[in-house]
Structure formats: C-alpha cells, structure tokens
Amino acid sequence: MDLPAALLAHLQELAASIGQDDQDLDVTLTALTAALRSTATSYIGFELTVVEDQWPVTLAAFTDGHDVLVVGTSLRLPLALVARAMDPASRVIFYAGTPGAFTDMAADLSHSLGGIPVDQASSAMNGTDHGRTRMDGQRRTIELDGDLPPPSRTSGLTGLAELTALNRAIGILVDQGHDIEQAHQLLRSDAAAAGVETQIYAARIILASPASGNDPR
C-alpha cells in the first residue's frame, strides 16, 4: 500500500463526509485509523478541523484506553495541502505515544506533496505552547510536535450544530434580498452589535424567521 497516497485520500473523504452520511463517515474513519496504525504502532488518535464560513467543525477520534496513555508526539497537516478548496485554517493533527513515531510518515507526506517543508517544533521552549501560539493552520508546512499536549483526548464531533444554524440564518438573510457576502457581513456585524457570538445571533434569526416579524436584536 502506498501509505501517503492512501492517507491523503482517506483525509479528503473524511473531510467531505463530516456532516453528511454517518455511514460513510464511519467507513472512512475506520480506514484512516487502520492506515495510521500501520505506520505508527503507538498511534493514539487525531483531531480533524474543517473550517467553513469561518466556523470550525472538529472531529476527534481517539483509541480505547487513551486516558491512560501518554501523548509523546503529534503531526499537524494543513488540509489545504490535501485539497486546495479547503480553508487555510482547516487541519488535521495526529497523535501517538512514542516520540518520533511520525517522523517517517512526515517525510513520506512531504515527498508526496511535492516537497512541503517539515518543521520540528522545539519541545523545550520554556513551557510555551508552540503549536497554538502561532495562527492556526496558516503555515503551509507539516509540523511535528507543535501541538503537545493535545487540548483534549475526548472523541466526538463539535461545531456542526452551530454551523448548521449559521447556514440557515444566512439562507434566511438571502431570502430577504441580500447576496451571500452581504448576508455573512450582516450576520457578523449584527451579532457584534448585539454583543453575542455569531451562532447565538444566528439562532435568534431562525427563531424570528416566521411571519411574526420579530426583530432578533
């Protein structure tokens, strides 16, 4: 098996499956996990974040017993390197227990992606969280050990309900005569004016959308 090609294909399928068919998501997730375990026996799990309309949806999947395992290494791959249409902040982060477990995989991925640089984050930066002090997903590099420790080791899908609400609110604004870009700008500006997060304001728009004529502000 050509691991880099298979891994990249699985990532494309997984990113496309988020929020779509649960069965397709399960099949792709199983295939991706098998590919990762074949290259790193101490593989623990991953976090895949797809950013759509500036909103992140994150799928986390960790192996059984992850709570008793120490995470010794991470590998971050911007998804824009896999699919150009992806938002630059979209990324996947793999975790394993043994330091250096992803070194060969990073080199193989770099080669498959046309020589994308591999950065090794310093593990001795006076406690600085190197992987999250820089702007997430903006560097076109593969990064080793820049996301240690992981923020969480809990499996699950987060952000999808909020993204759905945002999209519904945008649809309502478009129906009111705004174009897509205007609708996005209006949603963000009105949320800021109301002093609430965008997804909360989106929920207000949805609640006010029947013929009641209520103003969500």
# chains A, B, ... in the order shown; residues from 1 in each chain; ligands from 1

$ residues_around --residues "A:Thr164" --least-positions-apart "5" --cutoff "12 Å" --atoms "only C-alpha atoms" --output "PyMOL selection string"
chain A and resi 18-20+52-53+55-57+158-159+169-171+199-200+202-203+206

$ write_last_selection --atoms "N, CA and C atoms" --output "JSON list (two decimals), in the first residue's frame"
[["chain", "number", "residue", "atom", "x", "y", "z"],
["A", 18, "ILE", "N", -17.90, 14.85, 6.80],
["A", 18, "ILE", "CA", -18.37, 15.50, 8.02],
["A", 18, "ILE", "C", -19.69, 16.23, 7.75],
["A", 19, "GLY", "N", -20.70, 15.87, 8.53],
["A", 19, "GLY", "CA", -22.00, 16.48, 8.38],
["A", 19, "GLY", "C", -22.84, 15.88, 7.29],
["A", 20, "GLN", "N", -22.33, 14.85, 6.62],
["A", 20, "GLN", "CA", -23.07, 14.21, 5.54],
["A", 20, "GLN", "C", -23.60, 12.86, 6.02],
["A", 52, "GLU", "N", -15.46, 26.16, 7.80],
["A", 52, "GLU", "CA", -16.36, 26.55, 6.71],
["A", 52, "GLU", "C", -17.07, 27.83, 7.11],
["A", 53, "ASP", "N", -17.00, 28.85, 6.24],
["A", 53, "ASP", "CA", -17.59, 30.15, 6.54],
["A", 53, "ASP", "C", -17.08, 30.67, 7.88],
["A", 55, "TRP", "N", -16.26, 29.12, 10.42],
["A", 55, "TRP", "CA", -16.67, 28.37, 11.61],
["A", 55, "TRP", "C", -16.02, 26.99, 11.61],
["A", 56, "PRO", "N", -15.34, 26.60, 12.72],
["A", 56, "PRO", "CA", -14.67, 25.29, 12.76],
["A", 56, "PRO", "C", -15.58, 24.16, 13.20],
["A", 57, "VAL", "N", -15.52, 23.06, 12.49],
["A", 57, "VAL", "CA", -16.18, 21.82, 12.89],
["A", 57, "VAL", "C", -15.07, 20.81, 13.14],
["A", 158, "THR", "N", -17.79, 18.26, 17.20],
["A", 158, "THR", "CA", -18.24, 19.54, 17.75],
["A", 158, "THR", "C", -18.30, 20.59, 16.65],
["A", 159, "GLY", "N", -19.24, 21.51, 16.80],
["A", 159, "GLY", "CA", -19.34, 22.65, 15.88],
["A", 159, "GLY", "C", -20.34, 22.47, 14.76],
["A", 169, "ALA", "N", -29.36, 30.67, 8.98],
["A", 169, "ALA", "CA", -29.55, 32.12, 9.13],
["A", 169, "ALA", "C", -29.12, 32.85, 7.87],
["A", 170, "ILE", "N", -28.02, 32.41, 7.28],
["A", 170, "ILE", "CA", -27.57, 33.02, 6.02],
["A", 170, "ILE", "C", -28.64, 32.84, 4.95],
["A", 171, "GLY", "N", -29.24, 31.66, 4.89],
["A", 171, "GLY", "CA", -30.30, 31.40, 3.91],
["A", 171, "GLY", "C", -31.48, 32.33, 4.10],
["A", 199, "GLN", "N", -23.06, 32.48, 16.27],
["A", 199, "GLN", "CA", -24.01, 31.37, 16.21],
["A", 199, "GLN", "C", -25.23, 31.61, 17.09],
["A", 200, "ILE", "N", -25.05, 32.38, 18.17],
["A", 200, "ILE", "CA", -26.19, 32.72, 19.03],
["A", 200, "ILE", "C", -27.14, 33.67, 18.30],
["A", 202, "ALA", "N", -27.37, 33.89, 15.09],
["A", 202, "ALA", "CA", -27.99, 33.10, 14.02],
["A", 202, "ALA", "C", -29.23, 32.38, 14.53],
["A", 203, "ALA", "N", -29.14, 31.83, 15.74],
["A", 203, "ALA", "CA", -30.29, 31.14, 16.33],
["A", 203, "ALA", "C", -31.46, 32.11, 16.54],
["A", 206, "ILE", "N", -33.20, 32.62, 13.25],
["A", 206, "ILE", "CA", -34.03, 31.45, 12.91],
["A", 206, "ILE", "C", -35.34, 31.50, 13.70]]

$ residues_around --residues "A:Ala35" --least-positions-apart "2" --cutoff "8 Å" --atoms "only C-alpha atoms" --output "count of residues only"
9

$ select_by_dssp --residues "stretch 32-205 of chain A" --states "alpha helix (DSSP H)" --output "NGL selection string"
:A and (32-39 or 103-112 or 130-133 or 160-175 or 180-194 or 198-205)

$ residues_around --residues "A:Leu109" --least-positions-apart "2" --cutoff "9 Å" --atoms "only C-alpha atoms" --output "short mmCIF file (atom, residue, chain, number, x, y, z; two decimals) with C-alpha atoms, in the first residue's frame"
data_model
loop_
_atom_site.label_atom_id
_atom_site.label_comp_id
_atom_site.auth_asym_id
_atom_site.auth_seq_id
_atom_site.Cartn_x
_atom_site.Cartn_y
_atom_site.Cartn_z
CA LEU A 3 0.65 4.91 2.58
CA PRO A 4 0.92 8.65 1.79
CA ALA A 5 -1.47 8.40 -1.17
CA LEU A 7 -3.73 8.52 3.83
CA LEU A 8 -4.33 11.67 1.78
CA ASP A 104 8.99 8.76 8.62
CA MET A 105 5.35 9.48 7.82
CA ALA A 106 6.05 13.22 7.78
CA ALA A 107 8.91 12.69 5.33
CA HIS A 111 7.60 13.93 -0.70
CA SER A 112 4.07 13.08 -1.88
CA LEU A 113 3.03 16.73 -1.57
CA GLY A 114 5.90 18.00 -3.69
CA GLY A 115 8.46 18.80 -1.04
CA ILE A 116 6.32 20.63 1.52
CA ILE A 142 3.90 19.72 8.07
#

$ atom_distance --atom1 "atom CA of A:Leu25" --atom2 "atom CA of A:Pro151"
23.3 Å

$ atom_distance --atom1 "atom CA of A:Thr198" --atom2 "atom CA of A:Gln182"
14.8 Å

$ residues_around --residues "A:Gly100" --least-positions-apart "6" --cutoff "10 Å" --atoms "only C-alpha atoms" --output "list in words"
Ala40, Gly72, Thr73, Ser74, Leu75, Leu144 and Asp145 of chain A

$ select_by_dssp --residues "stretch 77-206 of chain A" --states "strand (DSSP E or B)" --output "PyMOL selection string"
chain A and resi 77-78+91-96+118-120+142-144+156-158

$ write_last_selection --atoms "N, CA and C atoms" --output "short mmCIF file (atom, residue, chain, number, x, y, z; two decimals), in the first residue's frame"
data_model
loop_
_atom_site.label_atom_id
_atom_site.label_comp_id
_atom_site.auth_asym_id
_atom_site.auth_seq_id
_atom_site.Cartn_x
_atom_site.Cartn_y
_atom_site.Cartn_z
N LEU A 77 -1.08 18.61 9.81
CA LEU A 77 -1.09 18.73 8.36
C LEU A 77 -2.22 19.68 7.96
N PRO A 78 -1.92 20.85 7.38
CA PRO A 78 -2.98 21.73 6.88
C PRO A 78 -3.75 21.04 5.76
N ARG A 91 -7.33 21.78 9.33
CA ARG A 91 -6.12 20.97 9.59
C ARG A 91 -6.49 19.65 10.23
N VAL A 92 -5.53 18.74 10.20
CA VAL A 92 -5.65 17.50 10.95
C VAL A 92 -4.40 17.36 11.80
N ILE A 93 -4.59 16.88 13.02
CA ILE A 93 -3.46 16.66 13.93
C ILE A 93 -3.52 15.23 14.40
N PHE A 94 -2.46 14.47 14.14
CA PHE A 94 -2.36 13.08 14.58
C PHE A 94 -1.54 13.02 15.86
N TYR A 95 -1.87 12.03 16.71
CA TYR A 95 -1.15 11.86 17.98
C TYR A 95 -0.70 10.42 18.14
N ALA A 96 0.47 10.25 18.74
CA ALA A 96 0.99 8.92 19.04
C ALA A 96 1.73 8.97 20.37
N VAL A 118 8.94 20.17 6.39
CA VAL A 118 8.57 19.55 7.67
C VAL A 118 9.28 20.34 8.76
N ASP A 119 8.50 20.90 9.69
CA ASP A 119 9.06 21.65 10.81
C ASP A 119 9.02 20.81 12.06
N GLN A 120 10.08 20.84 12.82
CA GLN A 120 10.13 20.16 14.11
C GLN A 120 10.02 21.21 15.20
N ILE A 142 4.24 20.85 7.19
CA ILE A 142 3.90 19.72 8.07
C ILE A 142 4.67 19.97 9.36
N GLU A 143 4.00 19.90 10.48
CA GLU A 143 4.68 20.23 11.73
C GLU A 143 4.64 19.07 12.71
N LEU A 144 5.80 18.74 13.23
CA LEU A 144 5.93 17.68 14.22
C LEU A 144 6.02 18.29 15.62
N GLY A 156 -15.35 12.75 19.57
CA GLY A 156 -16.66 13.37 19.31
C GLY A 156 -16.60 14.35 18.17
N LEU A 157 -17.77 14.90 17.85
CA LEU A 157 -17.92 15.87 16.77
C LEU A 157 -18.49 17.15 17.36
N THR A 158 -17.79 18.26 17.20
CA THR A 158 -18.24 19.54 17.75
C THR A 158 -18.30 20.59 16.65
#

$ closest_residue --among "A:Ile172, A:Leu163, A:Leu14, A:Ala121" --to "A:Thr30" --atoms "only C-alpha atoms"
A:Leu14

$ closest_residue --among "A:Val196, A:Gly45, A:Gln185, A:Ala101" --to "A:Ser155" --atoms "only C-alpha atoms"
A:Gly45

$ closest_residue --among "A:Ala16, A:Val71, A:Leu36, A:Ala85" --to "A:Leu59" --atoms "only C-alpha atoms"
A:Ala16

$ residues_around --residues "A:Thr63" --least-positions-apart "4" --cutoff "10 Å" --atoms "only C-alpha atoms" --output "short mmCIF file (atom, residue, chain, number, x, y, z; two decimals) with C-alpha atoms, in the first residue's frame"
data_model
loop_
_atom_site.label_atom_id
_atom_site.label_comp_id
_atom_site.auth_asym_id
_atom_site.auth_seq_id
_atom_site.Cartn_x
_atom_site.Cartn_y
_atom_site.Cartn_z
CA THR A 33 -7.35 4.59 11.59
CA TYR A 43 -0.95 5.77 17.36
CA ILE A 44 -3.49 7.27 19.81
CA GLY A 45 -5.89 9.39 17.78
CA PHE A 46 -6.46 12.53 15.76
CA ASP A 67 -6.82 8.18 29.01
CA LEU A 69 -1.63 6.69 27.52
CA ARG A 153 -8.46 13.46 24.30
CA THR A 154 -12.23 13.09 24.10
CA SER A 155 -13.73 11.61 20.94
#
